[in-house]
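Q: Input file: coords.txt. Contents: compact mmCIF, C-alpha atoms.
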```
# COMPACT_ATOMS: atom_id res chain seq x y z
CA MET A 109 0.00 0.00 0.00
CA HIS A 110 1.11 3.55 -0.71
CA THR A 111 0.91 5.76 2.37
CA MET A 112 2.29 9.11 3.44
CA GLN A 113 5.86 8.81 4.76
CA SER A 114 7.47 10.65 7.63
CA THR A 115 9.74 13.53 6.67
CA LEU A 116 12.15 12.43 9.39
CA LEU A 117 12.40 8.84 10.65
CA VAL A 118 12.56 9.14 14.43
CA GLY A 119 11.83 5.62 15.67
CA PRO A 120 14.46 3.39 17.34
CA ALA A 121 16.76 1.80 14.76
CA ASP A 122 19.95 0.96 16.68
CA TRP A 123 21.76 -2.20 15.71
CA ASP A 124 21.16 -4.95 18.29
CA ALA A 125 23.98 -7.50 18.00
CA ALA A 126 22.04 -10.05 20.04
CA ARG A 127 18.98 -9.86 17.80
CA MET A 128 20.77 -9.56 14.43
CA PRO A 129 24.47 -10.40 14.86
CA LYS A 130 27.20 -9.38 12.46
CA GLU A 131 27.40 -12.97 11.19
CA GLU A 132 23.91 -12.58 9.73
CA PHE A 133 25.11 -9.74 7.50
CA LEU A 134 28.36 -11.49 6.59
CA ALA A 135 26.33 -14.45 5.34
CA ARG A 136 24.30 -12.10 3.16
CA THR A 137 27.41 -10.60 1.57
CA VAL A 138 28.77 -14.09 0.92
CA ALA A 139 25.52 -14.84 -0.93
CA LEU A 140 25.96 -11.58 -2.86
CA TRP A 141 29.43 -12.61 -4.06
CA ARG A 142 27.98 -15.88 -5.34
CA ILE A 143 25.73 -13.95 -7.73
CA ALA A 144 28.33 -11.28 -8.53
CA ARG A 145 31.34 -13.55 -8.98
CA ALA A 146 33.57 -11.06 -10.78
CA ALA A 147 32.79 -8.08 -8.57
CA ALA A 148 35.55 -6.45 -6.52
CA GLY A 149 32.92 -5.03 -4.20
CA ALA A 150 29.52 -3.40 -3.98
CA ILE A 151 28.34 0.22 -3.85
CA VAL A 152 24.99 0.22 -2.03
CA TYR A 153 22.66 3.23 -2.02
CA GLY A 154 19.79 3.97 0.32
CA ASP A 155 17.74 6.97 1.40
CA ARG A 156 14.94 7.76 3.83
CA ALA A 157 12.25 6.33 1.56
CA HIS A 158 14.11 3.45 -0.14
CA HIS A 159 16.67 1.63 1.95
CA ALA A 160 15.69 -2.04 2.11
CA GLU A 161 18.79 -3.27 0.24
CA LEU A 162 21.09 -1.02 2.27
CA ALA A 163 19.52 -2.23 5.53
CA TYR A 164 19.77 -5.85 4.36
CA LEU A 165 23.54 -5.59 3.95
CA THR A 166 24.43 -3.06 6.67
CA HIS A 167 21.44 -2.70 9.05
CA PHE A 168 21.65 1.05 8.45
CA THR A 169 18.47 3.07 8.02
CA PRO A 170 19.04 6.65 6.78
CA LYS A 171 17.09 8.95 9.08
CA LEU A 172 17.00 11.96 6.79
CA GLU A 173 19.73 12.17 4.13
CA ALA A 174 21.01 9.40 1.87
CA ALA A 175 23.88 7.00 2.52
CA LEU A 176 26.32 4.88 0.50
CA ALA A 177 27.88 1.65 1.73
CA LEU A 178 31.17 0.57 0.15
CA ILE A 179 31.46 -3.18 0.70
CA PRO A 180 34.67 -4.83 -0.57
CA ARG A 181 34.93 -8.50 -1.39
CA VAL A 182 37.91 -8.60 0.97
CA GLY A 183 38.30 -6.19 3.86
CA ALA A 184 36.17 -3.97 6.05
CA PRO A 185 33.16 -2.07 4.65
CA ARG A 186 32.68 1.68 4.92
CA LEU A 187 29.52 3.72 5.30
CA LEU A 188 29.23 7.21 3.85
CA VAL A 189 26.42 9.14 5.56
CA GLY A 190 24.82 12.37 4.40
CA GLY A 191 24.33 15.25 6.79
CA GLY A 192 27.85 16.33 7.64
CA VAL A 193 30.22 15.55 10.49
CA GLY A 194 27.58 16.23 13.12
CA MET A 195 25.60 13.20 11.94
CA MET A 196 28.40 10.70 12.44
CA GLN A 197 27.84 10.05 16.14
CA ALA A 198 24.12 9.58 15.54
CA ALA A 199 24.78 7.19 12.64
CA LYS A 200 27.29 4.88 14.32
CA PRO A 201 24.80 3.05 16.61
CA LEU A 202 22.63 2.17 13.59
CA THR A 203 25.09 -0.26 11.99
CA PHE A 204 27.76 -2.84 12.72
CA ILE A 205 30.10 -1.02 10.32
CA THR A 206 32.79 0.84 12.24
CA GLY A 207 34.10 2.92 9.34
CA VAL A 208 31.48 5.68 9.20
CA GLN A 209 32.33 8.97 7.48
CA PRO A 210 30.49 11.89 5.82
CA LEU A 211 29.12 11.48 2.32
CA ARG A 212 31.17 14.09 0.45
CA ASN A 213 32.65 14.17 -3.04
CA ALA A 214 31.07 10.78 -3.73
CA GLY A 215 32.73 10.27 -7.11
CA ALA A 216 36.27 10.89 -5.85
CA THR A 217 35.70 8.89 -2.67
CA VAL A 218 34.34 5.89 -4.56
CA ALA A 219 37.13 6.07 -7.16
CA GLN A 220 39.78 6.06 -4.41
CA TRP A 221 38.06 3.15 -2.71
CA VAL A 222 38.03 1.14 -5.95
CA ARG A 223 41.75 1.76 -6.44
CA GLU A 224 42.41 0.41 -2.97
CA GLN A 225 40.77 -2.95 -3.70
CA SER A 226 43.15 -5.82 -4.27
CA GLY A 227 42.83 -8.19 -7.20
CA GLY A 228 41.38 -5.66 -9.65
CA GLY A 229 37.86 -6.06 -10.89
CA ARG A 230 34.97 -3.62 -10.79
CA PRO A 231 32.27 -3.05 -8.19
CA VAL A 232 28.56 -3.61 -8.73
CA LEU A 233 25.84 -1.12 -7.88
CA ILE A 234 22.86 -1.83 -5.60
CA GLY A 235 19.99 0.60 -5.18
CA ARG A 236 20.41 2.21 -8.60
CA PRO A 237 16.62 2.61 -9.23
CA TYR A 238 16.35 4.94 -6.21
CA MET A 239 19.61 6.86 -6.65
CA PRO A 240 19.35 10.52 -7.71
CA HIS A 241 20.49 11.08 -11.27
CA ALA A 242 23.18 13.56 -10.23
CA LEU A 243 24.75 11.12 -7.77
CA HIS A 244 24.71 8.30 -10.30
CA GLN A 245 26.32 10.54 -12.89
CA GLU A 246 29.00 11.55 -10.42
CA ILE A 247 29.91 7.92 -9.71
CA ALA A 248 29.59 6.81 -13.34
CA GLY A 249 31.75 9.73 -14.37
CA VAL A 250 34.76 8.24 -12.57
CA LEU A 251 33.97 4.51 -12.89
CA GLY A 252 32.10 4.26 -16.18
CA THR A 253 29.26 1.77 -16.62
CA ILE A 254 28.55 -0.24 -13.44
CA ALA A 255 26.51 -3.44 -13.37
CA ASP A 256 23.26 -3.03 -11.42
CA LYS A 257 22.61 -5.97 -9.05
CA THR A 258 19.61 -4.51 -7.23
CA ALA A 259 17.23 -7.16 -8.56
CA ASP A 260 19.59 -9.95 -7.52
CA VAL A 261 19.73 -8.65 -3.95
CA GLU A 262 15.93 -8.37 -3.92
CA THR A 263 15.82 -12.06 -4.87
CA LEU A 264 18.10 -12.90 -1.94
CA MET A 265 15.84 -10.91 0.36
CA ARG A 266 12.80 -13.04 -0.43
CA ARG A 267 13.79 -15.93 1.82
CA LYS A 268 13.76 -14.82 5.43
CA SER A 269 16.21 -16.27 7.94
CA PRO A 270 14.97 -17.43 11.37
CA ARG A 271 16.15 -14.13 12.87
CA GLU A 272 14.30 -12.14 10.23
CA LEU A 273 11.15 -14.15 10.84
CA THR A 274 11.42 -13.41 14.56
CA ALA A 275 11.60 -9.68 13.80
CA ILE A 276 8.53 -9.93 11.55
CA ARG A 277 6.64 -11.78 14.27
CA GLU A 278 7.43 -8.90 16.63
CA ALA A 279 6.09 -6.44 14.06
CA CYS A 280 2.95 -8.56 13.71
CA ALA A 281 2.49 -8.51 17.49
CA SER A 282 2.62 -4.70 17.43
CA LEU A 283 0.21 -4.65 14.48
CA ASP A 284 -2.20 -6.83 16.46
CA ALA A 285 -1.88 -4.62 19.54
CA ALA A 286 -2.58 -1.53 17.42
CA VAL A 287 -5.71 -2.99 15.82
CA THR A 288 -6.93 -4.25 19.21
CA ALA A 289 -6.51 -0.75 20.67
CA MET A 290 -8.51 0.70 17.78
CA ARG A 291 -11.33 -1.76 18.35
CA GLN A 292 -11.41 -0.91 22.06
CA ALA A 293 -11.47 2.82 21.33
CA GLN A 294 -14.26 2.32 18.79
CA ARG A 295 -16.37 0.39 21.29
CA ALA A 296 -15.80 3.14 23.86
CA GLY A 297 -17.39 5.65 21.48
CA SER A 298 -14.24 7.44 20.30
CA GLY A 299 -14.24 9.48 17.13
CA ALA A 300 -12.45 8.25 14.00
CA THR A 301 -9.26 10.24 14.62
CA ALA A 302 -9.02 9.23 18.27
CA THR A 303 -9.65 5.59 17.33
CA VAL A 304 -6.79 5.45 14.83
CA LEU A 305 -4.44 7.42 17.07
CA ALA A 306 -5.10 4.98 19.91
CA GLY A 307 -3.66 2.22 17.73
CA GLU A 308 -0.68 4.29 16.63
CA HIS A 309 0.09 5.18 20.26
CA VAL A 310 0.14 1.52 21.31
CA ALA A 311 2.46 0.53 18.45
CA HIS A 312 4.89 3.34 19.24
CA ASN A 313 4.89 2.33 22.90
CA ARG A 314 5.89 -1.18 21.82
CA GLY A 315 9.00 0.22 20.14
CA ALA A 316 7.81 0.58 16.55
CA GLN A 317 10.19 2.46 14.28
CA ASP A 318 7.42 3.64 12.00
CA VAL A 319 3.63 3.43 12.03
CA ARG A 320 1.51 4.33 8.99
CA THR A 321 -2.27 4.38 8.91
CA LEU A 322 -5.12 5.00 6.50
CA LEU A 323 -8.83 5.23 7.28
CA SER A 324 -12.07 5.39 5.34
CA LEU A 325 -14.63 8.15 5.66
CA ASP A 326 -16.99 6.75 3.02
CA GLY A 327 -17.95 3.34 4.34
CA GLY A 328 -14.80 1.53 3.22
CA ARG A 329 -14.97 2.51 -0.45
CA THR A 330 -11.70 4.50 -0.31
CA LEU A 331 -8.93 4.97 2.24
CA ARG A 332 -7.01 8.15 2.99
CA PRO A 333 -4.38 9.50 5.38
CA PHE A 334 -5.15 12.03 8.11
CA GLU A 335 -5.99 15.35 6.47
CA THR A 336 -8.13 16.83 9.23
CA SER A 337 -9.38 15.72 12.61
CA VAL A 338 -12.60 13.68 12.47
CA GLU A 339 -14.32 13.92 15.85
CA ARG A 340 -17.42 11.88 15.00
CA ALA A 341 -17.52 8.13 15.51
CA ILE A 342 -17.63 6.09 12.29
CA ASP A 343 -19.02 2.56 12.52
CA PRO A 344 -17.97 0.48 10.69
CA LEU A 345 -14.51 2.04 10.23
CA GLN A 346 -12.19 0.47 7.65
CA VAL A 347 -8.54 0.99 8.59
CA TYR A 348 -5.11 0.09 7.27
CA VAL A 349 -2.13 -0.17 9.63
CA ALA A 350 1.55 -0.75 8.79
CA VAL A 351 4.11 -1.22 11.57
CA ARG A 352 7.87 -1.37 11.21
CA GLN A 353 9.81 -2.99 14.04
CA TYR A 354 13.46 -4.07 14.16
CA GLY A 355 13.62 -2.98 10.52
CA TYR A 356 10.82 -5.29 9.29
CA TRP A 357 7.27 -4.46 8.25
CA ALA A 358 3.90 -5.97 9.05
CA GLU A 359 0.69 -4.56 7.59
CA GLY A 360 -3.00 -5.26 7.84
CA PHE A 361 -6.52 -4.19 6.93
CA ALA A 362 -9.33 -4.43 9.46
CA VAL A 363 -12.90 -3.26 9.89
CA VAL A 364 -13.34 -1.71 13.32
CA THR A 365 -16.96 -1.97 14.41
CA ALA A 366 -19.02 -2.56 17.52
CA SER A 367 -21.53 -4.76 15.69
CA SER A 368 -21.50 -7.94 13.65
CA ASN A 369 -20.97 -7.49 9.90
CA PRO A 370 -21.65 -10.35 7.47
CA TYR A 371 -19.44 -8.78 4.81
CA VAL A 372 -16.48 -8.81 7.19
CA ARG A 373 -17.10 -12.46 7.95
CA GLY A 374 -17.40 -13.22 4.23
CA ALA A 375 -14.13 -11.47 3.39
CA ASN A 376 -12.36 -13.35 6.17
CA GLU A 377 -13.77 -16.68 4.98
CA ILE A 378 -12.48 -16.06 1.45
CA LEU A 379 -9.15 -14.93 2.90
CA GLN A 380 -8.86 -18.22 4.81
CA TYR A 381 -9.74 -20.08 1.59
CA ALA A 382 -6.87 -18.31 -0.17
CA ILE A 383 -4.45 -19.08 2.65
CA GLY A 384 -5.39 -22.74 2.42
CA MET A 385 -4.24 -22.83 -1.21
CA ILE A 386 -0.74 -21.49 -0.51
CA ALA A 387 2.23 -23.84 -0.46
CA PRO A 388 5.81 -23.74 -1.78
CA GLY A 389 5.82 -23.80 -5.57
CA ARG A 390 2.18 -22.75 -5.93
CA ARG A 391 1.74 -20.06 -8.58
CA CYS A 392 0.73 -16.65 -7.27
CA GLY A 393 -1.50 -16.20 -10.31
CA ASP A 394 -3.43 -19.40 -9.60
CA VAL A 395 -4.18 -18.33 -6.04
CA ALA A 396 -5.27 -14.86 -7.16
CA ARG A 397 -7.60 -16.20 -9.88
CA GLU A 398 -9.23 -18.87 -7.70
CA THR A 399 -9.72 -16.36 -4.89
CA SER A 400 -11.41 -13.96 -7.29
CA GLU A 401 -13.74 -16.71 -8.50
CA ALA A 402 -14.73 -17.51 -4.91
CA MET A 403 -16.08 -13.97 -4.41
CA ALA A 404 -19.03 -14.36 -6.79
CA PRO A 405 -21.65 -12.90 -6.86
CA LEU A 406 -19.88 -10.03 -5.04
CA ARG A 407 -17.12 -8.15 -6.79
CA SER A 408 -13.61 -7.43 -5.57
CA HIS A 409 -12.91 -4.17 -3.78
CA ALA A 410 -11.26 -1.57 -6.02
CA LEU A 411 -8.10 -1.62 -3.88
CA THR A 412 -7.70 -5.39 -4.19
CA GLN A 413 -9.09 -5.99 -7.66
CA ARG A 414 -5.74 -6.02 -9.44
CA VAL A 415 -3.28 -6.84 -6.66
CA MET A 416 -4.09 -9.41 -3.97
CA GLY A 417 -0.84 -8.93 -2.06
CA ASN A 418 2.93 -9.07 -2.19
CA ALA A 419 6.01 -10.23 -0.38
CA ILE A 420 6.96 -8.09 2.60
CA GLY A 421 9.96 -7.64 4.85
CA LEU A 422 12.51 -4.82 4.97
CA ALA A 423 10.27 -3.06 2.44
CA LEU A 424 6.49 -2.81 2.57
CA GLY A 425 6.23 -3.91 -1.05
CA GLU A 426 8.67 -6.63 -2.04
CA HIS A 427 8.49 -9.01 -5.00
CA PRO A 428 6.63 -11.03 -6.03
CA VAL A 429 3.38 -9.14 -6.42
CA ILE A 430 0.35 -11.44 -6.27
CA THR A 431 -1.80 -10.81 -9.33
CA ALA A 432 -3.93 -12.98 -11.60
CA ASP A 433 -1.36 -12.89 -14.39
CA SER A 434 1.70 -13.53 -12.20
CA THR A 435 3.88 -16.52 -13.08
CA GLU A 436 5.89 -16.21 -9.84
CA VAL A 437 5.54 -18.86 -7.16
CA PHE A 438 5.31 -18.80 -3.38
CA GLU A 439 8.68 -19.74 -1.87
CA ALA A 440 9.51 -21.56 1.34
CA GLY A 441 10.98 -18.93 3.63
CA GLY A 442 8.96 -16.14 2.05
CA VAL A 443 6.67 -13.83 4.01
CA TYR A 444 3.63 -12.35 2.27
CA SER A 445 0.87 -9.85 2.89
CA LEU A 446 -2.47 -11.09 1.50
CA ARG A 447 -5.67 -9.08 1.19
CA VAL A 448 -9.24 -9.80 0.14
CA GLY A 449 -11.76 -7.04 -0.48
CA LEU A 450 -15.49 -7.29 -1.18
CA SER A 451 -17.80 -4.61 -2.57
CA ASP A 452 -21.39 -4.15 -3.59
CA ALA A 453 -23.66 -1.13 -3.85
CA ARG A 454 -23.78 -0.67 -0.05
CA GLU A 455 -20.80 -2.35 1.59
CA HIS A 456 -17.03 -2.21 1.05
CA VAL A 457 -14.69 -4.23 3.28
CA ILE A 458 -11.07 -5.42 3.17
CA ALA A 459 -9.55 -8.19 5.28
CA SER A 460 -5.93 -9.27 5.22
CA ALA A 461 -3.30 -11.58 6.67
CA MET A 462 0.45 -11.89 7.13
CA ILE A 463 1.73 -15.38 6.29
CA ALA A 464 5.07 -17.16 6.31
CA VAL A 465 5.47 -20.03 3.84
CA ASN A 466 7.14 -23.10 5.31
CA ALA A 467 8.30 -26.37 3.76
CA TYR A 468 4.74 -27.68 3.31
CA ASP A 469 2.14 -24.91 3.53
CA CYS A 470 2.14 -21.65 5.50
CA ASP A 471 1.85 -20.20 8.99
CA VAL A 472 -0.51 -17.31 9.70
CA LEU A 473 1.41 -14.60 11.54
CA TRP A 474 -1.56 -12.20 11.77
CA SER A 475 -5.07 -12.06 10.39
CA SER A 476 -7.90 -9.50 10.46
CA PRO A 477 -10.10 -10.01 13.53
CA LEU A 478 -13.73 -11.03 13.34
CA GLN A 479 -16.28 -8.73 14.98
CA ASP A 480 -17.59 -11.36 17.39
CA GLN A 481 -14.18 -11.67 19.04
CA PRO A 482 -13.73 -9.86 22.37
```
Could you write out this file's structure as structure tokens?

A:
Amino acid sequence: MHTMQSTLLVGPADWDAARMPKEEFLARTVALWRIARAAAGAIVYGDRAHHAELAYLTHFTPKLEAALALIPRVGAPRLLVGGGVGMMQAAKPLTFITGVQPLRNAGATVAQWVREQSGGGRPVLIGRPYMPHALHQEIAGVLGTIADKTADVETLMRRKSPRELTAIREACASLDAAVTAMRQAQRAGSGATATVLAGEHVAHNRGAQDVRTLLSLDGGRTLRPFETSVERAIDPLQVYVAVRQYGYWAEGFAVVTASSNPYVRGANEILQYAIGMIAPGRRCGDVARETSEAMAPLRSHALTQRVMGNAIGLALGEHPVITADSTEVFEAGGVYSLRVGLSDAREHVIASAMIAVNAYDCDVLWSSPLQDQP
């Protein structure tokens, strides 16, 4: 889902060696060298909005300005951080990399780093699709054409390690706590704004790095970010909540209501039907098409009509995307966000789930609550 993003990321993002030890990142770089056999190293870009690949290899999340990681095949990596010398002390706790320095004169710095690498060879570039044109031109001006391995790293990121799965479970627990708080606020008679903020408050108190929400003011037909305070209670209230914790995302749709809603139950039943079809090697397109057929005579919600879900992890939207024409398959070790939406002339609801595919089928990490639950 596309949501408004914070101008400045303020949530806790320090590297925790006990939770995600340095060996985890070293294993990832070893896997990178297997797909970039001739590379002397990697230049990895990330910024406030797009940093999944950078975080995957360094744990670093840029809080405001962009960063470049210079990872050699042999030797210690460096991290170049935007924002000047004053940002260095704030940046150091965010990564296991000890060589942190300001991001200045990127072209000259990268060229010098390449000359220092033993054995010759050229580096590869990761994060090129998100890199500003001027920065790319500066680096290309001194190195020439650089192979882009962003897609290869994204492929590596699909299969979550046990430590990554633990982090996602924590994010799902905060997602569940947020939605539960919203339901409690709704039942207490709170207005729409207060209801959503109650969930955000709980997630932040649980240590979330980022919380993003959307709500519907037109009976679930569309969702929007906060634009103005809505003091009146809205029942039913369709919400979307995304929580980032320990670097990993969990997201979910839920209908917050004090009464029973047959459309909510129907969407959840179809969602469970879809989950039951998922196993390693199963085509994403097959699941999407069969789920769509199960909705008849109702139609799919406009927000779920084309895309039923996607992989999720260090980025909210990872590949593959689950659509009717997708030839991708569900992979063991993959974590996915699934959503089912139903619409007719009067009702519009979306339910969703977070699942982790195992060796045989999948585990449900979180699912939209039913209205008859306490």

Q: Ranking A:Gly393, A:Pro210, A:Gly328, A:Gly307 by minimum distance to Thr435 of chain A and counting all atoms listed in the file, which one comes first?

A: A:Gly393

Q: For Val465 of chain A, which of A:Arg266, A:His167, A:Arg320, A:His427 is the closest residue, counting only C-alpha atoms?

A: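 Nearest candidate to Val465 of chain A out of A:Arg266, A:His167, A:Arg320, A:His427: A:Arg266.
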
Q: Please provide the set of residues having any atom within 9 Å of Leu162 of chain A, restricted to all atoms listed in the file, with same-chain residues fewer than 5 positions apart removed, written as a list in words.

A: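 Once the adjacent positions are removed, what remains is Val152, Tyr153, Gly154, Asp155, His167, Phe168, Thr169, Ala175, Leu176, Ala177, Ile234 and Gly235 of chain A.
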
Q: Closest to Leu322 of chain A among A:Leu345, A:Val310, A:Ala293, A:Ala464, using all atoms listed in the file?

A: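 The closest residue to Leu322 of chain A is A:Leu345.
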
Q: Here is a test: counting all atoms listed in the file, which residue of A:His309, A:Arg447, A:Arg329, A:His241 is nearest to Asn376 of chain A?

A: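 Looking at the shortest contact to Asn376 of chain A, the residue is A:Arg447.
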
Q: Give me the residues within 12 Å of segment 191-194 of chain A as a PDB file with C-alpha atoms, in the coordinates of the input, counting all atoms listed in the file and dropping any in the same chain fewer than 6 places off.

A:
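Saved as around-v2.pdb:
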```
ATOM      1  CA  ASP A 155      17.740   6.970   1.400  1.00  0.00           C
ATOM      2  CA  PRO A 170      19.040   6.650   6.780  1.00  0.00           C
ATOM      3  CA  LYS A 171      17.090   8.950   9.080  1.00  0.00           C
ATOM      4  CA  LEU A 172      17.000  11.960   6.790  1.00  0.00           C
ATOM      5  CA  GLU A 173      19.730  12.170   4.130  1.00  0.00           C
ATOM      6  CA  ALA A 174      21.010   9.400   1.870  1.00  0.00           C
ATOM      7  CA  ALA A 175      23.880   7.000   2.520  1.00  0.00           C
ATOM      8  CA  LYS A 200      27.290   4.880  14.320  1.00  0.00           C
ATOM      9  CA  VAL A 208      31.480   5.680   9.200  1.00  0.00           C
ATOM     10  CA  GLN A 209      32.330   8.970   7.480  1.00  0.00           C
ATOM     11  CA  PRO A 210      30.490  11.890   5.820  1.00  0.00           C
ATOM     12  CA  LEU A 211      29.120  11.480   2.320  1.00  0.00           C
ATOM     13  CA  ARG A 212      31.170  14.090   0.450  1.00  0.00           C
ATOM     14  CA  ASN A 213      32.650  14.170  -3.040  1.00  0.00           C
TER      15      ASN A 213
END
```

Q: Would you please work out which residue, of A:Ile342, A:Val437, A:Val232, A:Ala275, is nearest to Leu140 of chain A when using only C-alpha atoms?

A: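 Among A:Ile342, A:Val437, A:Val232, A:Ala275, it is A:Val232 that comes nearest to Leu140 of chain A.
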
Q: For Ser400 of chain A, which residue out of A:Gly449, A:Pro231, A:Gly119, A:Pro185 is the nearest one, using only C-alpha atoms?

A: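 Of A:Gly449, A:Pro231, A:Gly119, A:Pro185, the one nearest Ser400 of chain A is A:Gly449, counting only C-alpha atoms.
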
Q: Check which residues of segment 323-420 of chain A sit at most 9 Å from segment 295-305 of chain A using all atoms listed in the file, and return one row each with the closest pair of atoms and their distance in Å to one decimal, ordered by chain and rising number, as a tab-separated table.

A:
```
residue	atom	partner	partner_atom	distance
A:Leu323	CA	A:Val304	CA	7.8
A:Leu325	CA	A:Ala300	CA	8.6
A:Phe334	CA	A:Thr301	CA	7.9
A:Thr336	CA	A:Thr301	CA	8.6
A:Ser337	CA	A:Thr301	CA	5.8
A:Val338	CA	A:Thr301	CA	5.3
A:Glu339	CA	A:Gly299	CA	4.6
A:Arg340	CA	A:Gly299	CA	4.5
A:Ala341	CA	A:Gly299	CA	3.9
A:Ile342	CA	A:Ala300	CA	5.9
A:Asp343	CA	A:Ala300	CA	8.8
A:Leu345	CA	A:Ala300	CA	7.6
A:Val347	CA	A:Val304	CA	7.9
A:Val349	CA	A:Val304	CA	9.0
A:Val364	CA	A:Arg295	CA	8.8
A:Thr365	CA	A:Arg295	CA	7.3
A:Ala366	CA	A:Arg295	CA	5.5
```

Q: What separation in Å, quoted to one decimal, exists between atom CA of Ala350 of chain A and atom CA of Ala306 of chain A?

A: 14.2 Å

Q: Take atom CA of Ala139 of chain A and atom CA of Glu439 of chain A and report the distance between them in Å, one decimal.

A: 17.6 Å

Q: Specify the axis-aligned box that encloses all atoms of segment 340-344 of chain A listed in the file after padding of 4 Å on each side, stating its centre and edge lengths in Å to one decimal as JSON.

A:
```
{"center_x": -18.2, "center_y": 6.2, "center_z": 13.1, "size_x": 9.6, "size_y": 19.4, "size_z": 12.8}
```

Q: Could you work out how far atom CA of Leu188 of chain A lies from atom CA of Gly215 of chain A, giving the answer in Å with one decimal?

A: 11.9 Å

Q: Using only C-alpha atoms, find all polymer residues with an atom at most 9 Å away from the point (25.2, 0.5, 14.8); report them as a PDB file with C-alpha atoms, in the coordinates of the input.

A:
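The resulting file, point-v5.pdb, is reproduced below:
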```pdb
ATOM      1  CA  ALA A 121      16.760   1.800  14.760  1.00  0.00           C
ATOM      2  CA  ASP A 122      19.950   0.960  16.680  1.00  0.00           C
ATOM      3  CA  TRP A 123      21.760  -2.200  15.710  1.00  0.00           C
ATOM      4  CA  ASP A 124      21.160  -4.950  18.290  1.00  0.00           C
ATOM      5  CA  ALA A 125      23.980  -7.500  18.000  1.00  0.00           C
ATOM      6  CA  THR A 166      24.430  -3.060   6.670  1.00  0.00           C
ATOM      7  CA  HIS A 167      21.440  -2.700   9.050  1.00  0.00           C
ATOM      8  CA  PHE A 168      21.650   1.050   8.450  1.00  0.00           C
ATOM      9  CA  ALA A 199      24.780   7.190  12.640  1.00  0.00           C
ATOM     10  CA  LYS A 200      27.290   4.880  14.320  1.00  0.00           C
ATOM     11  CA  PRO A 201      24.800   3.050  16.610  1.00  0.00           C
ATOM     12  CA  LEU A 202      22.630   2.170  13.590  1.00  0.00           C
ATOM     13  CA  THR A 203      25.090  -0.260  11.990  1.00  0.00           C
ATOM     14  CA  PHE A 204      27.760  -2.840  12.720  1.00  0.00           C
ATOM     15  CA  ILE A 205      30.100  -1.020  10.320  1.00  0.00           C
ATOM     16  CA  THR A 206      32.790   0.840  12.240  1.00  0.00           C
TER      17      THR A 206
END
```

Q: Within 9 Å of Val250 of chain A, counting all atoms listed in the file, which residues qualify if same-chain residues fewer than 2 places away don't, as a PyMOL selection string?

A: chain A and resi 215-216+218-219+245-248+252

Q: For Asp326 of chain A, find every residue with an atom within 10 Å (counting only C-alpha atoms), except residues of its own chain fewer than 5 positions away, and show them as a list of chain:residue names.

A: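 Here the answer would be A:Leu331, A:Ile342, A:Pro344, A:Leu345, A:Gln346, A:Glu455, A:His456.
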